[in-house]
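Remarks on the structure that follows.
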Amino acid sequence: MSYQVAVLRSDDVDPAFASAWDALPPERGIQADFYDSHAWLSSWLQGAGPAVAGRLRIPAVLDDGRPVALLPLEARSRRRWESAGASAVDTHRKRYRPVLGAEKPEDEALELLVDQVAAAGVRELALSRLPARDPATDALLEALRRGGFAVHAHERSNDCLAVVEGGWAEHRRRFASYDRSVRTKSNRLRSLWEVSLHEYGRGAGGSVTDGFALYEELHQRSWKGSLAGKVRRERLELLRRTERLGWCRLYVLRVAGVPAAAHVWFRVGDVATWLSTAYDLRLAAVSPGSILMWRAQESLFGESPPRLLDFMPGDNPQKDRLSPDRAPLLLVEAARRTVVTGVTFPVRRRARDVLPRAVRRLRRGRDPRPAERPRPVARTRRVEVAPGAGTLPAAALELDTARRRALAVVGGHASPEAMAERWNEGDSWWLVGDPPAALVRLGAVVGALAAVLELVLLEPGFLPVEPLLGAVAAAAGTRITAELPAEHADGEPGTPIPVHQAVLPWPASLTDHPDSAA
């Protein structure tokens with residue numbers, strides 16, 4: 001077969017070529033990867049900006065103008081090129097490999113890619129995070145050696161994978177421990193609130209753009225914080241482009257109608273890849289992220305069982321449980337052979353590794369903000385309520401397991417155990433209102449007076465709080481006092497009690513209690 005070769009720039013890729021490029025990754029079997037698509041590359045360039053786009057070089061092997069093999073690179077200098085978006089400093093790309101259209105590589109195509117790199121005058125080539133499990137990796141390294149490059153490769157990290165054999169039933173049996181854990185958590189959650197799964201993209205419930213708005217909101221409420229402007233642009237563009245390709249799946253778990261967790265997945269050919277998760281930290285006590293992880297996989301298997309689940313490089317406890325099939329990712333340095341090439345590789349590699357770490361340390365150490373000013377003194381207003389006739393019903397809560405779990409969730413605690421660590425001996429909880437409007441933690445009565453220690457508002461903006469406290473005073477038969485956050489700066493200095501705005505309503509199944517007020 002007579003192929004054509006070229007080194008393309010970003011402006012050389014027209015819509016027809018981009019479409020043909022995006023058709024290649026799904027043909028790679030268990031090596032299919034959304035990172036190999038033009039959809040990913042163009043999304044990354046949109047976030048990276050025109051300067052990076054100007055450095056893009058794409059050695060290409062073509063068949064009648066259509067792509068057969070591609071190697072997207074970034075020209076760091078005239079003599080040194082690196083894998084696009086996968087350098088040691090730029091961590092947007094977690095994996096890199098040549099773009100091909102078959103599971104097994106074609107040696108001729110890879111050799112032609114290497115010839116294009118050499119013909120461009122490149123003396124040093126840095127390739128980051130090549131998967132050792134991909135036969136294209138060994139084939140590319142051999143092509144580089146045959147093309148006159150000395151090659152040094154070492155392991156730096158690893159893939160997190162689960163090879164699939166069979167359907168959903170077999171998958172559940174393989175990960176029986178996780179399946180049992182999720183079923184237990186789901187049953188507990190469903191006993192308190194309605195739980196539902198919503199999918200965006202692929203012609204389901206709504207567009208990916210609709211789902212992204214929920215994902216972004218949950219991302220901000222998670223431990224990750226707000227999406228940075230550059231990352232936000234890149235991710236949203238990626239989801240839009242992959243939605244058009246039919247790859248993107250955005251799942252949202254709702255509890256009592258409230259978005260609790262979101263997952264972004266891609267289905268590319270035989271591979272389902274989990275890109276990102278975000279959940280509302282205030283709902284951590286019911287593990288919405290873990291529940292959604294399993295529900296999303298069940299939905300993906302329901303389409304058709306994938307051959308591989310890809311959980312992306314990186315370590316966390318969830319990946320440890322779900323990705324037993326690990327394979328190294330390689331950092332590769334290739335240089336045109338000279339007398340000293342082999343001797344200097346380790347030194348150059350250490351220099352390449354040390355510089356990005358030093359940059360990151362400098363970034364962490366640099367504080368663009370002015371020196372922190374002393375925090376303002378908290379201001380409180382003291383409220384004292386006598387046990388008169390309450391205008392709202394109030395009832396003491398019997399703190400069984402279900403109510404403790406519900407209390408932890410509506411109060412935004414990490415778990416029932418973490419919540420209870422703040423309690424004191426003699427504390428009691430009171431449910432106020434019908435329907436429930438608030439939860440009040442009351443300390444032990446000392447000298448005919450009890451202090452309010454915590455307040456959870458179940459209805460948005462339920463103010464003033466005096467009627468709520470009056471109901472508790474009437475039901476408890478004692479005067480109560482509360483140090484509330486001051487509404488104005490002229491309040492008294494002090495430590496106000498925690499006042500939470502509940503994310504979820506109090507479960508209806510827990511309000512019908514023999515001790516409840518009529």
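Ordered as shown in the structure tokens, chains take letters A, B, and onward, while each chain numbers its residues from 1 and ligands are numbered from 1 in the order shown.
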
- Task: Write down as number ranges by chain the residues of segment 261-352 of chain A whose backbone DSSP state falls under strand (DSSP E).
- Result: A: 261-268, 271-279, 308-310, 325-336

What lies within 7 Å of segment 443-450 of chain A using only C-alpha atoms, ignoring chain neighbours under 6 positions off, as a PDB file with C-alpha atoms, in the first residue's frame?
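Final output, saved to selection.pdb:
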```pdb
ATOM      1  CA  GLY A 426     -27.344  14.950  78.385  1.00  0.00           C
ATOM      2  CA  ASP A 427     -27.878  16.503  74.925  1.00  0.00           C
ATOM      3  CA  SER A 428     -31.246  15.944  73.268  1.00  0.00           C
ATOM      4  CA  THR A 478     -37.664  24.802  80.664  1.00  0.00           C
ATOM      5  CA  ARG A 479     -36.155  28.158  79.766  1.00  0.00           C
ATOM      6  CA  ILE A 480     -33.680  27.929  76.905  1.00  0.00           C
ATOM      7  CA  THR A 481     -30.963  30.243  75.697  1.00  0.00           C
TER       8      THR A 481
END
```

- Fewer than 3 positions away in the same chain doesn't count, so skip those; otherwise give me all residues within 12 Å of Glu106 of chain A, counting only C-alpha atoms, as a PyMOL selection string. chain A and resi 1+61+68-69+98-103+109-113+135-140+143

Could you write out the selected residues, including N, CA and C atoms, as a PDB file, in the first residue's frame?
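So again.pdb came out as:
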```
ATOM      1  N   MET A   1       0.854  -1.199   0.000  1.00  0.00           N
ATOM      2  CA  MET A   1       0.000   0.000   0.000  1.00  0.00           C
ATOM      3  C   MET A   1       0.885   1.242   0.000  1.00  0.00           C
ATOM      4  N   VAL A  61       0.390   9.812   8.810  1.00  0.00           N
ATOM      5  CA  VAL A  61       0.431   8.865   7.705  1.00  0.00           C
ATOM      6  C   VAL A  61      -0.978   8.829   7.126  1.00  0.00           C
ATOM      7  N   VAL A  68      -4.313   7.510   8.757  1.00  0.00           N
ATOM      8  CA  VAL A  68      -4.063   6.112   9.106  1.00  0.00           C
ATOM      9  C   VAL A  68      -3.357   6.041  10.454  1.00  0.00           C
ATOM     10  N   ALA A  69      -2.414   6.942  10.677  1.00  0.00           N
ATOM     11  CA  ALA A  69      -1.669   7.002  11.937  1.00  0.00           C
ATOM     12  C   ALA A  69      -1.258   8.454  12.172  1.00  0.00           C
ATOM     13  N   PRO A  98       0.319   6.711  20.059  1.00  0.00           N
ATOM     14  CA  PRO A  98       0.028   7.082  18.677  1.00  0.00           C
ATOM     15  C   PRO A  98      -1.437   6.811  18.359  1.00  0.00           C
ATOM     16  N   VAL A  99      -2.016   7.635  17.504  1.00  0.00           N
ATOM     17  CA  VAL A  99      -3.403   7.472  17.096  1.00  0.00           C
ATOM     18  C   VAL A  99      -3.440   6.496  15.930  1.00  0.00           C
ATOM     19  N   LEU A 100      -4.157   5.395  16.141  1.00  0.00           N
ATOM     20  CA  LEU A 100      -4.243   4.351  15.129  1.00  0.00           C
ATOM     21  C   LEU A 100      -5.700   3.945  14.957  1.00  0.00           C
ATOM     22  N   GLY A 101      -5.963   3.120  13.941  1.00  0.00           N
ATOM     23  CA  GLY A 101      -7.329   2.688  13.675  1.00  0.00           C
ATOM     24  C   GLY A 101      -7.516   1.196  13.777  1.00  0.00           C
ATOM     25  N   ALA A 102      -6.593   0.495  14.491  1.00  0.00           N
ATOM     26  CA  ALA A 102      -6.716  -0.948  14.678  1.00  0.00           C
ATOM     27  C   ALA A 102      -6.097  -1.315  16.012  1.00  0.00           C
ATOM     28  N   GLU A 103      -6.581  -2.414  16.589  1.00  0.00           N
ATOM     29  CA  GLU A 103      -6.063  -2.817  17.901  1.00  0.00           C
ATOM     30  C   GLU A 103      -4.589  -3.162  17.831  1.00  0.00           C
ATOM     31  N   ALA A 109       3.315   1.962   9.250  1.00  0.00           N
ATOM     32  CA  ALA A 109       2.763   3.273   9.594  1.00  0.00           C
ATOM     33  C   ALA A 109       3.569   3.919  10.714  1.00  0.00           C
ATOM     34  N   LEU A 110       3.961   3.139  11.711  1.00  0.00           N
ATOM     35  CA  LEU A 110       4.745   3.701  12.811  1.00  0.00           C
ATOM     36  C   LEU A 110       6.128   4.130  12.336  1.00  0.00           C
ATOM     37  N   GLU A 111       6.727   3.370  11.467  1.00  0.00           N
ATOM     38  CA  GLU A 111       8.041   3.742  10.940  1.00  0.00           C
ATOM     39  C   GLU A 111       7.954   5.037  10.134  1.00  0.00           C
ATOM     40  N   LEU A 112       6.876   5.203   9.399  1.00  0.00           N
ATOM     41  CA  LEU A 112       6.705   6.443   8.637  1.00  0.00           C
ATOM     42  C   LEU A 112       6.517   7.646   9.562  1.00  0.00           C
ATOM     43  N   LEU A 113       5.832   7.442  10.695  1.00  0.00           N
ATOM     44  CA  LEU A 113       5.714   8.530  11.680  1.00  0.00           C
ATOM     45  C   LEU A 113       7.091   8.933  12.199  1.00  0.00           C
ATOM     46  N   PRO A 135       0.073  -2.783  22.515  1.00  0.00           N
ATOM     47  CA  PRO A 135       1.133  -3.260  21.609  1.00  0.00           C
ATOM     48  C   PRO A 135       1.729  -2.146  20.759  1.00  0.00           C
ATOM     49  N   ALA A 136       1.014  -1.039  20.594  1.00  0.00           N
ATOM     50  CA  ALA A 136       1.558   0.076  19.819  1.00  0.00           C
ATOM     51  C   ALA A 136       2.743   0.726  20.512  1.00  0.00           C
ATOM     52  N   THR A 137       2.820   0.603  21.851  1.00  0.00           N
ATOM     53  CA  THR A 137       3.938   1.226  22.568  1.00  0.00           C
ATOM     54  C   THR A 137       5.248   0.551  22.218  1.00  0.00           C
ATOM     55  N   ASP A 138       5.320  -0.775  22.351  1.00  0.00           N
ATOM     56  CA  ASP A 138       6.552  -1.488  21.993  1.00  0.00           C
ATOM     57  C   ASP A 138       6.876  -1.292  20.517  1.00  0.00           C
ATOM     58  N   ALA A 139       5.849  -1.314  19.683  1.00  0.00           N
ATOM     59  CA  ALA A 139       6.085  -1.152  18.238  1.00  0.00           C
ATOM     60  C   ALA A 139       6.652   0.227  17.931  1.00  0.00           C
ATOM     61  N   LEU A 140       6.167   1.262  18.606  1.00  0.00           N
ATOM     62  CA  LEU A 140       6.682   2.608  18.379  1.00  0.00           C
ATOM     63  C   LEU A 140       8.119   2.732  18.863  1.00  0.00           C
ATOM     64  N   ALA A 143      10.312   1.132  16.392  1.00  0.00           N
ATOM     65  CA  ALA A 143      10.429   1.978  15.197  1.00  0.00           C
ATOM     66  C   ALA A 143      11.401   3.129  15.448  1.00  0.00           C
TER      67      ALA A 143
END
```

- For each of A:Tyr96, A:Trp506, A:Phe301, A:Phe17, take the minimum atom-to-atom distance to Tyr35 of chain A, counting only C-alpha atoms, then give the residue where this is smallest.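 Answer, going by the shortest atom-to-atom distance: A:Tyr96.
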
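If you look at atom CA of Val164 of chain A and atom CA of Thr273 of chain A, they are 12.8 Å away from each other.
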
Please report as a tab-separated table every residue of segment 421-470 of chain A lying within 7 Å of segment 375-399 of chain A, along with the nearest atom pair and their distance in Å (one decimal), using only C-alpha atoms.
```
residue	atom	partner	partner_atom	distance
A:Trp429	CA	A:Leu397	CA	5.5
A:Trp430	CA	A:Ala396	CA	4.4
A:Leu431	CA	A:Ala395	CA	5.3
A:Val432	CA	A:Ala394	CA	4.3
A:Gly433	CA	A:Pro393	CA	5.2
A:Asp434	CA	A:Pro393	CA	6.8
A:Pro467	CA	A:Thr391	CA	6.9
A:Leu469	CA	A:Val385	CA	6.9
A:Gly470	CA	A:Gly390	CA	5.5
```

Using the selection just defined, write its residues with all heavy atoms as a PDB file, in the first residue's frame.
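File written: out-v2.pdb
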```
ATOM      1  N   TRP A 429     -32.259  15.986  71.059  1.00  0.00           N
ATOM      2  CA  TRP A 429     -32.647  16.584  69.787  1.00  0.00           C
ATOM      3  C   TRP A 429     -34.165  16.728  69.743  1.00  0.00           C
ATOM      4  O   TRP A 429     -34.910  15.846  70.191  1.00  0.00           O
ATOM      5  CB  TRP A 429     -32.175  15.723  68.611  1.00  0.00           C
ATOM      6  CG  TRP A 429     -30.751  15.978  68.214  1.00  0.00           C
ATOM      7  CD1 TRP A 429     -29.660  15.306  68.631  1.00  0.00           C
ATOM      8  CD2 TRP A 429     -30.291  16.990  67.309  1.00  0.00           C
ATOM      9  NE1 TRP A 429     -28.520  15.818  68.055  1.00  0.00           N
ATOM     10  CE2 TRP A 429     -28.884  16.857  67.234  1.00  0.00           C
ATOM     11  CE3 TRP A 429     -30.907  17.986  66.572  1.00  0.00           C
ATOM     12  CZ2 TRP A 429     -28.100  17.676  66.435  1.00  0.00           C
ATOM     13  CZ3 TRP A 429     -30.117  18.810  65.778  1.00  0.00           C
ATOM     14  CH2 TRP A 429     -28.737  18.662  65.718  1.00  0.00           C
ATOM     15  N   TRP A 430     -34.611  17.855  69.167  1.00  0.00           N
ATOM     16  CA  TRP A 430     -36.031  18.167  69.101  1.00  0.00           C
ATOM     17  C   TRP A 430     -36.398  18.511  67.664  1.00  0.00           C
ATOM     18  O   TRP A 430     -35.681  19.257  66.979  1.00  0.00           O
ATOM     19  CB  TRP A 430     -36.361  19.346  70.022  1.00  0.00           C
ATOM     20  CG  TRP A 430     -36.075  19.020  71.461  1.00  0.00           C
ATOM     21  CD1 TRP A 430     -34.868  18.993  72.080  1.00  0.00           C
ATOM     22  CD2 TRP A 430     -37.034  18.654  72.440  1.00  0.00           C
ATOM     23  NE1 TRP A 430     -34.995  18.635  73.386  1.00  0.00           N
ATOM     24  CE2 TRP A 430     -36.317  18.422  73.650  1.00  0.00           C
ATOM     25  CE3 TRP A 430     -38.428  18.499  72.452  1.00  0.00           C
ATOM     26  CZ2 TRP A 430     -36.956  18.040  74.829  1.00  0.00           C
ATOM     27  CZ3 TRP A 430     -39.056  18.131  73.615  1.00  0.00           C
ATOM     28  CH2 TRP A 430     -38.323  17.898  74.787  1.00  0.00           C
ATOM     29  N   LEU A 431     -37.519  17.939  67.222  1.00  0.00           N
ATOM     30  CA  LEU A 431     -38.059  18.213  65.901  1.00  0.00           C
ATOM     31  C   LEU A 431     -39.197  19.218  66.046  1.00  0.00           C
ATOM     32  O   LEU A 431     -40.124  19.004  66.833  1.00  0.00           O
ATOM     33  CB  LEU A 431     -38.573  16.934  65.251  1.00  0.00           C
ATOM     34  CG  LEU A 431     -39.061  17.022  63.800  1.00  0.00           C
ATOM     35  CD1 LEU A 431     -37.929  17.422  62.862  1.00  0.00           C
ATOM     36  CD2 LEU A 431     -39.659  15.686  63.372  1.00  0.00           C
ATOM     37  N   VAL A 432     -39.115  20.323  65.281  1.00  0.00           N
ATOM     38  CA  VAL A 432     -40.066  21.425  65.434  1.00  0.00           C
ATOM     39  C   VAL A 432     -40.845  21.614  64.130  1.00  0.00           C
ATOM     40  O   VAL A 432     -40.264  21.654  63.048  1.00  0.00           O
ATOM     41  CB  VAL A 432     -39.333  22.733  65.789  1.00  0.00           C
ATOM     42  CG1 VAL A 432     -40.351  23.862  66.026  1.00  0.00           C
ATOM     43  CG2 VAL A 432     -38.441  22.548  66.997  1.00  0.00           C
ATOM     44  N   GLY A 433     -42.185  21.768  64.288  1.00  0.00           N
ATOM     45  CA  GLY A 433     -43.020  22.111  63.145  1.00  0.00           C
ATOM     46  C   GLY A 433     -43.701  20.922  62.507  1.00  0.00           C
ATOM     47  O   GLY A 433     -43.243  19.780  62.619  1.00  0.00           O
ATOM     48  N   ASP A 434     -44.806  21.195  61.849  1.00  0.00           N
ATOM     49  CA  ASP A 434     -45.548  20.192  61.105  1.00  0.00           C
ATOM     50  C   ASP A 434     -46.112  20.855  59.848  1.00  0.00           C
ATOM     51  O   ASP A 434     -47.112  21.581  59.930  1.00  0.00           O
ATOM     52  CB  ASP A 434     -46.676  19.609  61.964  1.00  0.00           C
ATOM     53  CG  ASP A 434     -47.410  18.474  61.260  1.00  0.00           C
ATOM     54  OD1 ASP A 434     -46.845  17.942  60.277  1.00  0.00           O
ATOM     55  OD2 ASP A 434     -48.521  18.124  61.684  1.00  0.00           O
ATOM     56  N   PRO A 467     -39.709  31.693  67.217  1.00  0.00           N
ATOM     57  CA  PRO A 467     -40.823  30.744  67.342  1.00  0.00           C
ATOM     58  C   PRO A 467     -40.366  29.288  67.421  1.00  0.00           C
ATOM     59  O   PRO A 467     -41.003  28.470  68.103  1.00  0.00           O
ATOM     60  CB  PRO A 467     -41.643  30.997  66.078  1.00  0.00           C
ATOM     61  CG  PRO A 467     -41.306  32.387  65.673  1.00  0.00           C
ATOM     62  CD  PRO A 467     -39.870  32.561  66.035  1.00  0.00           C
ATOM     63  N   LEU A 469     -37.503  28.228  68.784  1.00  0.00           N
ATOM     64  CA  LEU A 469     -36.970  28.011  70.134  1.00  0.00           C
ATOM     65  C   LEU A 469     -38.090  28.013  71.165  1.00  0.00           C
ATOM     66  O   LEU A 469     -38.047  27.263  72.150  1.00  0.00           O
ATOM     67  CB  LEU A 469     -35.930  29.087  70.454  1.00  0.00           C
ATOM     68  CG  LEU A 469     -34.754  29.199  69.460  1.00  0.00           C
ATOM     69  CD1 LEU A 469     -33.752  30.242  69.949  1.00  0.00           C
ATOM     70  CD2 LEU A 469     -34.076  27.848  69.273  1.00  0.00           C
ATOM     71  N   GLY A 470     -39.094  28.852  70.936  1.00  0.00           N
ATOM     72  CA  GLY A 470     -40.229  28.873  71.852  1.00  0.00           C
ATOM     73  C   GLY A 470     -40.949  27.537  71.881  1.00  0.00           C
ATOM     74  O   GLY A 470     -41.412  27.073  72.940  1.00  0.00           O
TER      75      GLY A 470
END
```

- Message: Counting only C-alpha atoms, which residue out of A:Leu192, A:Phe34, A:Val114, A:Leu238 sits closest to Arg403 of chain A?
- Response: A:Leu192

- Work out how far atom CA of Asp22 of chain A is from atom CA of Ala228 of chain A, in Å to one decimal.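 Result for atom CA of Ala228 of chain A versus atom CA of Asp22 of chain A: 26.9 Å, one decimal.
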
- What lies within 9 Å of Pro328 of chain A using only C-alpha atoms, ignoring chain neighbours under 5 positions off, as number ranges by chain? A: 129-133, 155-159

- Task: Just give me the gap between atom CA of Ala126 of chain A and atom CA of Ser19 of chain A in Å, one decimal is fine.
- Result: 27.6 Å

- Item | Long-range neighbours of Arg282 of chain A as a PyMOL selection string, 7 Å cut-off, only C-alpha atoms, 4 positions minimum in chain | chain A and resi 409+412-413

Compile the contact shell of segment 334-336 of chain A as a PDB file with C-alpha atoms, in the first residue's frame: residues with an atom at most 10 Å away, counting only C-alpha atoms, same-chain residues fewer than 6 positions apart removed.
```pdb
ATOM      1  CA  ARG A  79      15.164  20.267  18.126  1.00  0.00           C
ATOM      2  CA  ARG A  80      12.938  18.955  20.941  1.00  0.00           C
ATOM      3  CA  ALA A 118      13.553  12.685  12.065  1.00  0.00           C
ATOM      4  CA  GLY A 121      15.256  17.808  12.383  1.00  0.00           C
ATOM      5  CA  VAL A 122      14.092  16.677  15.823  1.00  0.00           C
ATOM      6  CA  ARG A 123      17.011  15.547  17.997  1.00  0.00           C
ATOM      7  CA  GLU A 124      15.067  14.822  21.196  1.00  0.00           C
ATOM      8  CA  LEU A 125      11.612  13.329  21.551  1.00  0.00           C
ATOM      9  CA  ALA A 126       9.824  13.086  24.928  1.00  0.00           C
ATOM     10  CA  LEU A 127       6.759  10.869  25.170  1.00  0.00           C
ATOM     11  CA  LEU A 141       9.801   2.242  20.539  1.00  0.00           C
ATOM     12  CA  LEU A 144      12.336   4.765  16.979  1.00  0.00           C
ATOM     13  CA  ARG A 145      15.352   2.507  17.487  1.00  0.00           C
ATOM     14  CA  GLY A 147      14.979   5.105  12.891  1.00  0.00           C
ATOM     15  CA  GLY A 148      18.278   6.012  14.563  1.00  0.00           C
ATOM     16  CA  PHE A 149      17.051   7.069  18.020  1.00  0.00           C
ATOM     17  CA  ALA A 150      18.466   5.854  21.294  1.00  0.00           C
ATOM     18  CA  VAL A 151      15.499   5.122  23.539  1.00  0.00           C
ATOM     19  CA  HIS A 152      15.242   5.147  27.306  1.00  0.00           C
ATOM     20  CA  ALA A 153      11.940   4.194  28.991  1.00  0.00           C
ATOM     21  CA  GLY A 342      23.281   6.673  26.452  1.00  0.00           C
ATOM     22  CA  PHE A 345      19.962   9.948  29.438  1.00  0.00           C
TER      23      PHE A 345
END
```

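The protein and nucleic acid residues lying at most 8 Å from Pro498 of chain A are Leu453, Glu454, Leu455, Pro496 and His500 of chain A, with only C-alpha atoms considered and sequence neighbours fewer than 2 positions away removed.
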
Report as a tab-separated table: every residue of segment 269-341 of chain A with an atom at most 12 Å from segment 195-203 of chain A, its closest pair of atoms, and their distance in Å to one decimal, counting only C-alpha atoms, with rows sorted by chain and ascending residue number.
```
residue	atom	partner	partner_atom	distance
A:Val286	CA	A:Val195	CA	11.4
A:Pro288	CA	A:Val195	CA	10.0
A:Ile291	CA	A:Leu197	CA	10.2
A:Leu292	CA	A:Leu197	CA	8.0
A:Met293	CA	A:Leu197	CA	11.2
A:Trp294	CA	A:Leu197	CA	11.2
A:Arg295	CA	A:Leu197	CA	7.7
A:Ala296	CA	A:Leu197	CA	8.5
A:Gln297	CA	A:Leu197	CA	11.9
A:Glu298	CA	A:Leu197	CA	11.1
A:Ser299	CA	A:Glu199	CA	9.1
A:Leu300	CA	A:Glu199	CA	10.7
A:Glu303	CA	A:Arg202	CA	11.0
```

For the residues in that selection, give me all heavy atoms as a compact mmCIF listing (two decimals), in the first residue's frame.
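Listed below is the output, result.txt:
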```txt
# COMPACT_ATOMS: atom_id res chain seq x y z
N VAL A 286 -24.10 9.72 53.28
CA VAL A 286 -24.83 8.66 52.57
C VAL A 286 -24.07 8.15 51.35
O VAL A 286 -24.62 7.42 50.53
CB VAL A 286 -26.24 9.14 52.16
CG1 VAL A 286 -27.11 9.35 53.38
CG2 VAL A 286 -26.18 10.41 51.32
N PRO A 288 -22.95 9.29 48.32
CA PRO A 288 -23.57 9.37 46.98
C PRO A 288 -22.61 9.05 45.85
O PRO A 288 -23.02 8.51 44.82
CB PRO A 288 -24.05 10.82 46.92
CG PRO A 288 -23.15 11.57 47.85
CD PRO A 288 -22.86 10.60 48.97
N ILE A 291 -22.38 5.19 45.48
CA ILE A 291 -23.62 4.65 44.92
C ILE A 291 -23.69 4.95 43.43
O ILE A 291 -24.02 4.07 42.61
CB ILE A 291 -24.84 5.24 45.66
CG1 ILE A 291 -24.86 4.74 47.11
CG2 ILE A 291 -26.13 4.88 44.94
CD1 ILE A 291 -25.93 5.40 47.96
N LEU A 292 -23.36 6.17 43.04
CA LEU A 292 -23.43 6.54 41.63
C LEU A 292 -22.41 5.78 40.80
O LEU A 292 -22.69 5.42 39.64
CB LEU A 292 -23.24 8.05 41.46
CG LEU A 292 -23.32 8.58 40.03
CD1 LEU A 292 -24.62 8.16 39.35
CD2 LEU A 292 -23.18 10.10 40.01
N MET A 293 -21.23 5.51 41.36
CA MET A 293 -20.23 4.73 40.64
C MET A 293 -20.81 3.41 40.16
O MET A 293 -20.65 3.00 39.00
CB MET A 293 -19.01 4.49 41.53
CG MET A 293 -18.01 3.49 40.98
SD MET A 293 -17.27 3.99 39.42
CE MET A 293 -16.06 5.17 40.02
N TRP A 294 -21.54 2.73 41.02
CA TRP A 294 -22.09 1.43 40.67
C TRP A 294 -23.30 1.56 39.75
O TRP A 294 -23.48 0.78 38.81
CB TRP A 294 -22.44 0.67 41.93
CG TRP A 294 -22.36 -0.83 41.85
CD1 TRP A 294 -23.32 -1.72 42.22
CD2 TRP A 294 -21.25 -1.61 41.42
NE1 TRP A 294 -22.89 -3.00 42.03
CE2 TRP A 294 -21.61 -2.97 41.53
CE3 TRP A 294 -19.98 -1.30 40.91
CZ2 TRP A 294 -20.77 -4.02 41.18
CZ3 TRP A 294 -19.13 -2.36 40.57
CH2 TRP A 294 -19.53 -3.68 40.71
N ARG A 295 -24.16 2.56 40.02
CA ARG A 295 -25.33 2.76 39.18
C ARG A 295 -24.92 3.13 37.76
O ARG A 295 -25.55 2.71 36.78
CB ARG A 295 -26.23 3.86 39.78
CG ARG A 295 -26.87 3.53 41.11
CD ARG A 295 -28.04 2.57 40.97
NE ARG A 295 -29.10 3.08 40.13
CZ ARG A 295 -30.10 3.85 40.57
NH1 ARG A 295 -30.16 4.21 41.85
NH2 ARG A 295 -31.06 4.26 39.75
N ALA A 296 -23.88 3.95 37.61
CA ALA A 296 -23.39 4.33 36.28
C ALA A 296 -22.88 3.11 35.52
O ALA A 296 -23.16 2.94 34.33
CB ALA A 296 -22.30 5.39 36.40
N GLN A 297 -22.13 2.25 36.21
CA GLN A 297 -21.63 1.05 35.55
C GLN A 297 -22.78 0.14 35.13
O GLN A 297 -22.75 -0.45 34.04
CB GLN A 297 -20.67 0.30 36.48
CG GLN A 297 -19.36 1.02 36.69
CD GLN A 297 -18.38 0.22 37.52
OE1 GLN A 297 -18.20 -0.97 37.30
NE2 GLN A 297 -17.76 0.86 38.49
N GLU A 298 -23.79 0.01 35.98
CA GLU A 298 -24.94 -0.80 35.62
C GLU A 298 -25.60 -0.26 34.35
O GLU A 298 -26.01 -1.02 33.47
CB GLU A 298 -25.94 -0.83 36.77
CG GLU A 298 -27.15 -1.70 36.52
CD GLU A 298 -28.11 -1.73 37.69
OE1 GLU A 298 -27.97 -0.87 38.59
OE2 GLU A 298 -28.99 -2.61 37.70
N SER A 299 -25.70 1.06 34.24
CA SER A 299 -26.29 1.66 33.05
C SER A 299 -25.44 1.39 31.82
O SER A 299 -25.95 1.09 30.73
CB SER A 299 -26.46 3.17 33.26
OG SER A 299 -27.02 3.79 32.13
N LEU A 300 -24.12 1.48 31.96
CA LEU A 300 -23.22 1.22 30.83
C LEU A 300 -23.31 -0.23 30.37
O LEU A 300 -23.33 -0.52 29.17
CB LEU A 300 -21.78 1.57 31.23
CG LEU A 300 -21.48 3.06 31.37
CD1 LEU A 300 -20.24 3.28 32.21
CD2 LEU A 300 -21.31 3.71 30.01
N GLU A 303 -26.37 -0.91 28.20
CA GLU A 303 -26.27 -0.61 26.77
C GLU A 303 -25.74 -1.82 26.02
O GLU A 303 -26.32 -2.30 25.06
CB GLU A 303 -25.34 0.58 26.53
CG GLU A 303 -25.77 1.88 27.17
CD GLU A 303 -24.73 2.96 26.97
OE1 GLU A 303 -23.95 2.87 25.99
OE2 GLU A 303 -24.66 3.89 27.79
```

- Query: Of the candidates A:Leu442, A:Val13, A:Leu457, A:Leu322, which one gets nearest to Trp423 of chain A if we count only C-alpha atoms?
  - Reply: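 Going through A:Leu442, A:Val13, A:Leu457, A:Leu322 one by one, the smallest distance to Trp423 of chain A is for A:Leu442.
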